Amino acid sequence: MSDSAMLTVDAALDAMLSALSPLAPVRRPLADCGGAFLAEPLVAQWTQPPFAASAMDGYAVRSADLAAGSEALRLVGEAAAGHAFGRPVGPGEAVRISTGAPVPDGADQVVMQEKASRAGDTVRLDDTVRPMANIRPAGTDFSRGDRLIEAERRLSPEAVALAAAARVATLHIHPRPRVAILATGDELVEPGAPAGPSQIVNSVAPGLVELVRIWGGEPVYLGIAQDRPEAVRDALRRGRDCDLTVTVGGASVGGHDHLRAVFQADGGHFVFERIAARPGKPTWFGTIAEHPVLGLPGNPVSALVMARLFLRPALARLGGGAAAAVFVEAPLAVTLEANDWRESYLRATRDEAGRVAPLPNQDSSALSALVQADCLIRRPAGAPALAAGERVEILVLSDRA
């Protein structure tokens with residue numbers, strides 16, 4: 001493919017997403033839904049709180065019984081969390097109450113315990129008339145029938161807690177995509193394994209496994225396929241049990257790179273074969289027997305940067321969520337040279353003022369610089385030189401621990 005025939009990142013992304021569809025929704029117990037995308041809105045099944053509740057430890061009283069100064073009232077009982085007081089509060093009466101306990105009928109104010117002194121069955125309160133003070137009315141958070149979360153929203157831990165509070169035991173979700181991850185190449189050995197004089201450690205696959213987990217998928221590691229057609233073919237076929245296969249390396253045109261040839265020989269169709277980007281030019285995507293395959297470059301930085309631009313949106317589309325990467329603007333801390341014909345993604349850091357500067361080492365094999373970076377600067381193809389203070393688009397690396 002000639003340079004002029006390469007797709008831009010945006011065009012390639014659109015082409016890939018057009019070939020993917022959300023996985024069919026399933027109903028799952030709430031405990032199994034974290035990280036998945038909702039297939040239908042979350043609707044509250046009850047009101048929260050279901051009763052007027054005390055926001056403080058103190059005394060439930062009728063506000064009309066409180067004068068401008070201290071007031072002595074008769075203590076007639078207690079309301080604790082999970083245990084309501086059994087009758088209405090009458091004139092001149094007070095009920096000891098705990099945070100979260102139902103406010104007794106008749107009471108319309110809770111006086112915090114710091115403003116009270118007790119002697120036997122008499123409690124003296126130093127507070128003013130403030131109806132509904134320290135009381136959370138029923139439905140303060142939400143009411144039965146409220147739409148709390150819309151479809152296509154990923155269920156964060158807080159969202160799972162909200163569903164539980166809404167008395168929802170099961171949710172209709174898109175299942176987490178199962179992603180087969182395949183490394184290729186005779187030069188690779190697994191971490192901790194003996195390495196020959198011409199071999200390197202398989203570093204990309206472990207990183208992809210973690211990214212798939214963070215992004216809501218279920219990684220299935222297929223290991224390393226050696227540079228033999230039959231080994232590559234067997235691995236690709238094993239990946240078809242998953243919802244997406246991601247390959248690393250083997251995407252060049254050398255005599256020992258069999259991945260593309262085997263993919264095509266077995267009936268695979270390329271949606272795109274190269275993209276006009278740095279790093280990541282060898283990135284490709286296609287389908288084989290309707291199974292999607294995303295090919296990432298072998299260089300670690302290229303693979304992990306392209307994973308953010310292509311794998312994350314692919315997981316979101318399969319999982320039923322919004323698929324676009326979100327770029328924001330930031331001012332430059334330094335000057336930038338003009339860019340060439342390829343869209344570029346520069347590993348960069350932000351200072352305390354939010355200004356960004358690219359790291360000095362932009363080599364596509366330098367993982368250490370990617371770890372140091374907290375964002376990527378996107379430079380459009382043919383972008384002119386920029387002075388310090390001018391604004392650029394950045395992709396924040398928000399998946400860091």
# chains A, B, ... in the order shown; residues from 1 in each chain; ligands from 1
$ closest_atom_pairs --of "segment 19-92 of chain A" --to "segment 290-304 of chain A" --cutoff "12 Å" --atoms "only C-alpha atoms" --output "tab-separated table"
residue	atom	partner	partner_atom	distance
A:Ala19	CA	A:Pro292	CA	8.0
A:Leu20	CA	A:Pro292	CA	7.7
A:Ser21	CA	A:Pro292	CA	10.4
$ residues_around --residues "segment 59-74 of chain A" --least-positions-apart "5" --cutoff "12 Å" --atoms "only C-alpha atoms" --output "short mmCIF file (atom, residue, chain, number, x, y, z; two decimals) with N, CA, C and O atoms, in the first residue's frame"
data_model
loop_
_atom_site.label_atom_id
_atom_site.label_comp_id
_atom_site.auth_asym_id
_atom_site.auth_seq_id
_atom_site.Cartn_x
_atom_site.Cartn_y
_atom_site.Cartn_z
N ALA A 52 -38.28 9.69 56.21
CA ALA A 52 -37.50 10.82 56.72
C ALA A 52 -36.51 10.29 57.74
O ALA A 52 -36.89 9.60 58.70
N ALA A 53 -35.22 10.58 57.54
CA ALA A 53 -34.17 10.00 58.37
C ALA A 53 -33.36 11.10 59.04
O ALA A 53 -33.17 12.20 58.49
N SER A 54 -32.85 10.77 60.21
CA SER A 54 -32.01 11.73 60.92
C SER A 54 -30.63 11.81 60.28
O SER A 54 -30.03 10.78 59.94
N ALA A 79 -35.02 6.11 68.95
CA ALA A 79 -35.09 5.61 67.57
C ALA A 79 -33.67 5.34 67.10
O ALA A 79 -32.84 6.24 67.08
N ALA A 80 -33.39 4.09 66.77
CA ALA A 80 -32.05 3.71 66.31
C ALA A 80 -32.12 3.29 64.85
O ALA A 80 -33.21 3.02 64.31
N ALA A 84 -37.43 1.85 64.51
CA ALA A 84 -38.19 3.10 64.64
C ALA A 84 -38.81 3.21 66.03
O ALA A 84 -39.07 2.22 66.70
N PHE A 85 -39.04 4.45 66.45
CA PHE A 85 -39.81 4.70 67.68
C PHE A 85 -41.27 4.42 67.36
O PHE A 85 -41.78 4.81 66.32
N PRO A 88 -46.10 8.52 67.69
CA PRO A 88 -45.77 9.92 67.42
C PRO A 88 -45.20 10.62 68.65
O PRO A 88 -45.47 10.24 69.79
N VAL A 89 -44.41 11.65 68.39
CA VAL A 89 -43.86 12.49 69.46
C VAL A 89 -44.89 13.56 69.80
O VAL A 89 -45.39 14.28 68.92
N GLY A 90 -45.23 13.63 71.11
CA GLY A 90 -46.23 14.60 71.54
C GLY A 90 -45.60 15.90 72.01
O GLY A 90 -44.37 16.03 72.10
N PRO A 91 -46.41 16.89 72.33
CA PRO A 91 -45.90 18.17 72.84
C PRO A 91 -45.07 17.96 74.10
O PRO A 91 -45.41 17.16 74.98
N GLY A 92 -43.93 18.64 74.18
CA GLY A 92 -43.06 18.56 75.33
C GLY A 92 -42.24 17.29 75.41
O GLY A 92 -41.58 17.05 76.44
N GLU A 93 -42.24 16.49 74.36
CA GLU A 93 -41.51 15.22 74.37
C GLU A 93 -40.31 15.26 73.43
O GLU A 93 -40.28 16.03 72.46
N ALA A 94 -39.33 14.42 73.73
CA ALA A 94 -38.14 14.26 72.86
C ALA A 94 -37.82 12.78 72.76
O ALA A 94 -38.07 12.00 73.69
N VAL A 95 -37.24 12.39 71.63
CA VAL A 95 -36.84 11.00 71.39
C VAL A 95 -35.36 10.98 71.02
O VAL A 95 -34.93 11.72 70.12
N ARG A 96 -34.58 10.20 71.75
CA ARG A 96 -33.17 10.01 71.39
C ARG A 96 -33.12 9.34 70.03
O ARG A 96 -33.82 8.36 69.79
N ILE A 97 -32.28 9.87 69.11
CA ILE A 97 -32.26 9.35 67.74
C ILE A 97 -30.84 9.21 67.25
O ILE A 97 -29.96 10.02 67.57
N SER A 98 -30.59 8.18 66.45
CA SER A 98 -29.28 7.92 65.86
C SER A 98 -29.28 8.33 64.39
O SER A 98 -30.34 8.36 63.73
N THR A 99 -28.11 8.59 63.87
CA THR A 99 -27.97 8.91 62.44
C THR A 99 -28.55 7.78 61.60
O THR A 99 -28.23 6.60 61.80
N ALA A 101 -31.67 6.81 61.51
CA ALA A 101 -32.91 6.26 62.07
C ALA A 101 -34.11 7.03 61.54
O ALA A 101 -34.03 8.23 61.24
N PRO A 102 -35.27 6.36 61.43
CA PRO A 102 -36.48 7.08 61.00
C PRO A 102 -36.89 8.15 62.01
O PRO A 102 -36.88 7.91 63.23
N VAL A 103 -37.24 9.31 61.51
CA VAL A 103 -37.71 10.39 62.37
C VAL A 103 -39.16 10.07 62.75
O VAL A 103 -40.02 9.84 61.88
N PRO A 104 -39.49 10.04 64.05
CA PRO A 104 -40.86 9.68 64.47
C PRO A 104 -41.88 10.69 63.95
O PRO A 104 -41.58 11.87 63.75
N ASP A 105 -43.07 10.18 63.74
CA ASP A 105 -44.17 11.07 63.39
C ASP A 105 -44.32 12.13 64.48
O ASP A 105 -44.10 11.87 65.67
N GLY A 106 -44.70 13.31 64.08
CA GLY A 106 -44.86 14.40 65.02
C GLY A 106 -43.62 15.24 65.18
O GLY A 106 -43.71 16.44 65.45
N ALA A 107 -42.43 14.62 65.05
CA ALA A 107 -41.17 15.37 65.15
C ALA A 107 -40.84 16.00 63.80
O ALA A 107 -41.05 15.38 62.75
N ASP A 108 -40.33 17.23 63.84
CA ASP A 108 -39.94 17.89 62.59
C ASP A 108 -38.59 18.57 62.72
O ASP A 108 -38.23 19.42 61.90
N GLN A 109 -37.81 18.21 63.72
CA GLN A 109 -36.48 18.78 63.88
C GLN A 109 -35.65 17.81 64.70
O GLN A 109 -36.15 17.13 65.60
N VAL A 110 -34.36 17.71 64.35
CA VAL A 110 -33.41 16.93 65.15
C VAL A 110 -32.37 17.89 65.70
O VAL A 110 -31.73 18.64 64.95
N VAL A 111 -32.23 17.89 67.02
CA VAL A 111 -31.23 18.72 67.68
C VAL A 111 -30.00 17.84 67.93
O VAL A 111 -30.11 16.78 68.56
N MET A 112 -28.85 18.26 67.43
CA MET A 112 -27.66 17.43 67.58
C MET A 112 -27.27 17.30 69.04
O MET A 112 -27.54 18.20 69.86
N GLN A 113 -26.67 16.17 69.37
CA GLN A 113 -26.39 15.86 70.78
C GLN A 113 -25.43 16.86 71.42
O GLN A 113 -25.44 17.03 72.64
N GLU A 114 -24.61 17.55 70.64
CA GLU A 114 -23.70 18.54 71.19
C GLU A 114 -24.46 19.74 71.78
O GLU A 114 -23.89 20.52 72.55
N LYS A 115 -25.73 19.88 71.41
CA LYS A 115 -26.54 21.00 71.93
C LYS A 115 -27.53 20.52 72.99
O LYS A 115 -28.56 21.16 73.21
N ALA A 116 -27.22 19.38 73.61
CA ALA A 116 -28.15 18.82 74.58
C ALA A 116 -27.42 18.39 75.85
O ALA A 116 -26.25 18.02 75.83
N SER A 117 -28.14 18.46 76.97
CA SER A 117 -27.66 17.90 78.23
C SER A 117 -28.81 17.12 78.85
O SER A 117 -29.97 17.54 78.79
N ARG A 118 -28.49 15.97 79.45
CA ARG A 118 -29.54 15.08 79.93
C ARG A 118 -29.39 14.83 81.43
O ARG A 118 -28.28 14.61 81.92
N ALA A 119 -30.51 14.80 82.12
CA ALA A 119 -30.55 14.43 83.53
C ALA A 119 -31.75 13.51 83.71
O ALA A 119 -32.91 13.97 83.72
N GLY A 120 -31.49 12.22 83.82
CA GLY A 120 -32.57 11.24 83.94
C GLY A 120 -33.44 11.24 82.70
O GLY A 120 -32.96 11.06 81.58
N ASP A 121 -34.75 11.46 82.90
CA ASP A 121 -35.69 11.47 81.78
C ASP A 121 -35.95 12.87 81.23
O ASP A 121 -36.89 13.08 80.47
N THR A 122 -35.12 13.81 81.65
CA THR A 122 -35.26 15.18 81.16
C THR A 122 -34.05 15.53 80.31
O THR A 122 -32.91 15.26 80.68
N VAL A 123 -34.29 16.14 79.15
CA VAL A 123 -33.21 16.59 78.29
C VAL A 123 -33.38 18.08 78.04
O VAL A 123 -34.49 18.55 77.76
N ARG A 124 -32.31 18.82 78.24
CA ARG A 124 -32.34 20.26 78.02
C ARG A 124 -31.64 20.55 76.69
O ARG A 124 -30.50 20.15 76.49
N LEU A 125 -32.33 21.26 75.80
CA LEU A 125 -31.85 21.51 74.43
C LEU A 125 -31.56 22.98 74.24
O LEU A 125 -32.40 23.84 74.58
N ASP A 126 -30.40 23.27 73.69
CA ASP A 126 -29.99 24.65 73.44
C ASP A 126 -30.01 24.88 71.93
O ASP A 126 -28.98 24.83 71.26
N ASP A 127 -31.20 25.06 71.37
CA ASP A 127 -31.34 25.24 69.93
C ASP A 127 -32.54 26.14 69.66
O ASP A 127 -33.36 26.38 70.56
N THR A 128 -32.65 26.64 68.45
CA THR A 128 -33.76 27.51 68.06
C THR A 128 -34.73 26.74 67.17
O THR A 128 -34.44 25.63 66.71
N VAL A 129 -35.84 27.34 66.92
CA VAL A 129 -36.86 26.72 66.06
C VAL A 129 -36.37 26.68 64.62
O VAL A 129 -36.16 27.72 64.00
N ARG A 130 -36.14 25.46 64.14
CA ARG A 130 -35.65 25.30 62.76
C ARG A 130 -36.30 24.05 62.15
O ARG A 130 -35.72 22.97 62.14
N PRO A 131 -37.53 24.16 61.68
CA PRO A 131 -38.22 23.00 61.13
C PRO A 131 -37.38 22.30 60.05
O PRO A 131 -36.78 22.96 59.19
N MET A 132 -37.30 20.98 60.13
CA MET A 132 -36.61 20.07 59.20
C MET A 132 -35.09 20.13 59.34
O MET A 132 -34.37 19.55 58.53
N ALA A 133 -34.59 20.81 60.39
CA ALA A 133 -33.14 20.84 60.59
C ALA A 133 -32.64 19.42 60.89
O ALA A 133 -33.23 18.69 61.69
N ASN A 134 -31.54 19.02 60.25
CA ASN A 134 -30.87 17.74 60.46
C ASN A 134 -31.76 16.54 60.12
O ASN A 134 -31.60 15.45 60.68
N ILE A 135 -32.70 16.76 59.21
CA ILE A 135 -33.58 15.68 58.75
C ILE A 135 -33.44 15.54 57.24
O ILE A 135 -33.50 16.54 56.51
#
$ residues_around --residues "Ala387 of chain A" --least-positions-apart "4" --cutoff "7 Å" --atoms "only C-alpha atoms" --output "list in words"
Val334, Thr335 and Leu336 of chain A
$ write_last_selection --atoms "C-alpha atoms" --output "compact mmCIF listing (two decimals), in the first residue's frame"
# COMPACT_ATOMS: atom_id res chain seq x y z
CA VAL A 334 7.95 24.58 24.71
CA THR A 335 8.12 25.13 20.97
CA LEU A 336 7.21 22.31 18.58
$ residues_around --residues "segment 260-264 of chain A" --least-positions-apart "4" --cutoff "9 Å" --atoms "only C-alpha atoms" --output "MDAnalysis selection string"
chainID A and resid 229:230 232:233 236 250:253 268:270 286:288
$ closest_residue --among "A:Ala385, A:Trp215, A:Ala265, A:Leu244" --to "Phe285 of chain A" --atoms "only C-alpha atoms"
A:Leu244
$ residues_around --residues "Pro360 of chain A" --least-positions-apart "2" --cutoff "9 Å" --atoms "only C-alpha atoms" --output "JSON, numbers by chain"
{"A": [347, 348, 358, 362, 369]}
$ closest_residue --among "A:Gly192, A:Pro49, A:Gly319, A:Gly267" --to "Arg178 of chain A" --atoms "only C-alpha atoms"
A:Gly319
$ select_by_dssp --residues "segment 70-142 of chain A" --states "strand (DSSP E or B)" --output "ChimeraX atom specification"
/A:70-80,83,93-97,102,109-112,116-119,122-126,135-136,142
$ write_last_selection --atoms "N, CA, C and O atoms" --output "CSV table (one decimal), in the first residue's frame"
chain,number,residue,atom,x,y,z
A,70,SER,N,-32.6,27.8,76.1
A,70,SER,CA,-32.7,26.3,76.5
A,70,SER,C,-34.1,25.9,76.8
A,70,SER,O,-34.9,26.7,77.3
A,71,GLU,N,-34.4,24.7,76.4
A,71,GLU,CA,-35.8,24.2,76.7
A,71,GLU,C,-35.7,22.8,77.2
A,71,GLU,O,-34.9,21.9,76.7
A,72,ALA,N,-36.4,22.5,78.3
A,72,ALA,CA,-36.3,21.1,78.9
A,72,ALA,C,-37.5,20.4,78.4
A,72,ALA,O,-38.7,20.8,78.5
A,73,LEU,N,-37.3,19.1,77.9
A,73,LEU,CA,-38.3,18.3,77.3
A,73,LEU,C,-38.2,16.9,78.0
A,73,LEU,O,-37.1,16.5,78.5
A,74,ARG,N,-39.3,16.1,78.0
A,74,ARG,CA,-39.3,14.8,78.6
A,74,ARG,C,-38.9,13.8,77.6
A,74,ARG,O,-39.4,13.7,76.5
A,75,LEU,N,-37.8,13.0,77.9
A,75,LEU,CA,-37.3,11.9,77.1
A,75,LEU,C,-38.2,10.7,77.2
A,75,LEU,O,-38.4,10.2,78.3
A,76,VAL,N,-38.8,10.3,76.1
A,76,VAL,CA,-39.8,9.2,76.1
A,76,VAL,C,-39.4,8.0,75.3
A,76,VAL,O,-40.2,7.0,75.3
A,77,GLY,N,-38.2,7.9,74.8
A,77,GLY,CA,-37.8,6.7,74.1
A,77,GLY,C,-36.7,7.0,73.1
A,77,GLY,O,-36.0,8.0,73.2
A,78,GLU,N,-36.4,6.0,72.3
A,78,GLU,CA,-35.2,6.0,71.4
A,78,GLU,C,-35.6,5.5,70.0
A,78,GLU,O,-36.4,4.6,69.8
A,79,ALA,N,-35.0,6.1,69.0
A,79,ALA,CA,-35.1,5.6,67.6
A,79,ALA,C,-33.7,5.3,67.1
A,79,ALA,O,-32.8,6.2,67.1
A,80,ALA,N,-33.4,4.1,66.8
A,80,ALA,CA,-32.0,3.7,66.3
A,80,ALA,C,-32.1,3.3,64.9
A,80,ALA,O,-33.2,3.0,64.3
A,83,HIS,N,-34.5,0.6,63.7
A,83,HIS,CA,-35.5,0.4,64.8
A,83,HIS,C,-36.2,1.7,65.0
A,83,HIS,O,-35.7,2.7,65.7
A,93,GLU,N,-42.2,16.5,74.4
A,93,GLU,CA,-41.5,15.2,74.4
A,93,GLU,C,-40.3,15.3,73.4
A,93,GLU,O,-40.3,16.0,72.5
A,94,ALA,N,-39.3,14.4,73.7
A,94,ALA,CA,-38.1,14.3,72.9
A,94,ALA,C,-37.8,12.8,72.8
A,94,ALA,O,-38.1,12.0,73.7
A,95,VAL,N,-37.2,12.4,71.6
A,95,VAL,CA,-36.8,11.0,71.4
A,95,VAL,C,-35.4,11.0,71.0
A,95,VAL,O,-34.9,11.7,70.1
A,96,ARG,N,-34.6,10.2,71.8
A,96,ARG,CA,-33.2,10.0,71.4
A,96,ARG,C,-33.1,9.3,70.0
A,96,ARG,O,-33.8,8.4,69.8
A,97,ILE,N,-32.3,9.9,69.1
A,97,ILE,CA,-32.3,9.3,67.7
A,97,ILE,C,-30.8,9.2,67.2
A,97,ILE,O,-30.0,10.0,67.6
A,102,PRO,N,-35.3,6.4,61.4
A,102,PRO,CA,-36.5,7.1,61.0
A,102,PRO,C,-36.9,8.1,62.0
A,102,PRO,O,-36.9,7.9,63.2
A,109,GLN,N,-37.8,18.2,63.7
A,109,GLN,CA,-36.5,18.8,63.9
A,109,GLN,C,-35.6,17.8,64.7
A,109,GLN,O,-36.1,17.1,65.6
A,110,VAL,N,-34.4,17.7,64.4
A,110,VAL,CA,-33.4,16.9,65.2
A,110,VAL,C,-32.4,17.9,65.7
A,110,VAL,O,-31.7,18.6,64.9
A,111,VAL,N,-32.2,17.9,67.0
A,111,VAL,CA,-31.2,18.7,67.7
A,111,VAL,C,-30.0,17.8,67.9
A,111,VAL,O,-30.1,16.8,68.6
A,112,MET,N,-28.9,18.3,67.4
A,112,MET,CA,-27.7,17.4,67.6
A,112,MET,C,-27.3,17.3,69.0
A,112,MET,O,-27.5,18.2,69.9
A,116,ALA,N,-27.2,19.4,73.6
A,116,ALA,CA,-28.2,18.8,74.6
A,116,ALA,C,-27.4,18.4,75.8
A,116,ALA,O,-26.2,18.0,75.8
A,117,SER,N,-28.1,18.5,77.0
A,117,SER,CA,-27.7,17.9,78.2
A,117,SER,C,-28.8,17.1,78.9
A,117,SER,O,-30.0,17.5,78.8
A,118,ARG,N,-28.5,16.0,79.5
A,118,ARG,CA,-29.5,15.1,79.9
A,118,ARG,C,-29.4,14.8,81.4
A,118,ARG,O,-28.3,14.6,81.9
A,119,ALA,N,-30.5,14.8,82.1
A,119,ALA,CA,-30.6,14.4,83.5
A,119,ALA,C,-31.7,13.5,83.7
A,119,ALA,O,-32.9,14.0,83.7
A,122,THR,N,-35.1,13.8,81.7
A,122,THR,CA,-35.3,15.2,81.2
A,122,THR,C,-34.0,15.5,80.3
A,122,THR,O,-32.9,15.3,80.7
A,123,VAL,N,-34.3,16.1,79.1
A,123,VAL,CA,-33.2,16.6,78.3
A,123,VAL,C,-33.4,18.1,78.0
A,123,VAL,O,-34.5,18.6,77.8
A,124,ARG,N,-32.3,18.8,78.2
A,124,ARG,CA,-32.3,20.3,78.0
A,124,ARG,C,-31.6,20.6,76.7
A,124,ARG,O,-30.5,20.1,76.5
A,125,LEU,N,-32.3,21.3,75.8
A,125,LEU,CA,-31.8,21.5,74.4
A,125,LEU,C,-31.6,23.0,74.2
A,125,LEU,O,-32.4,23.8,74.6
A,126,ASP,N,-30.4,23.3,73.7
A,126,ASP,CA,-30.0,24.6,73.4
A,126,ASP,C,-30.0,24.9,71.9
A,126,ASP,O,-29.0,24.8,71.3
A,135,ILE,N,-32.7,16.8,59.2
A,135,ILE,CA,-33.6,15.7,58.8
A,135,ILE,C,-33.4,15.5,57.2
A,135,ILE,O,-33.5,16.5,56.5
A,136,ARG,N,-33.2,14.3,56.8
A,136,ARG,CA,-33.2,14.0,55.3
A,136,ARG,C,-34.6,13.5,55.0
A,136,ARG,O,-35.0,12.4,55.4
A,142,PHE,N,-33.3,9.9,45.7
A,142,PHE,CA,-34.1,9.6,44.5
A,142,PHE,C,-35.4,8.9,44.9
A,142,PHE,O,-35.6,8.5,46.1
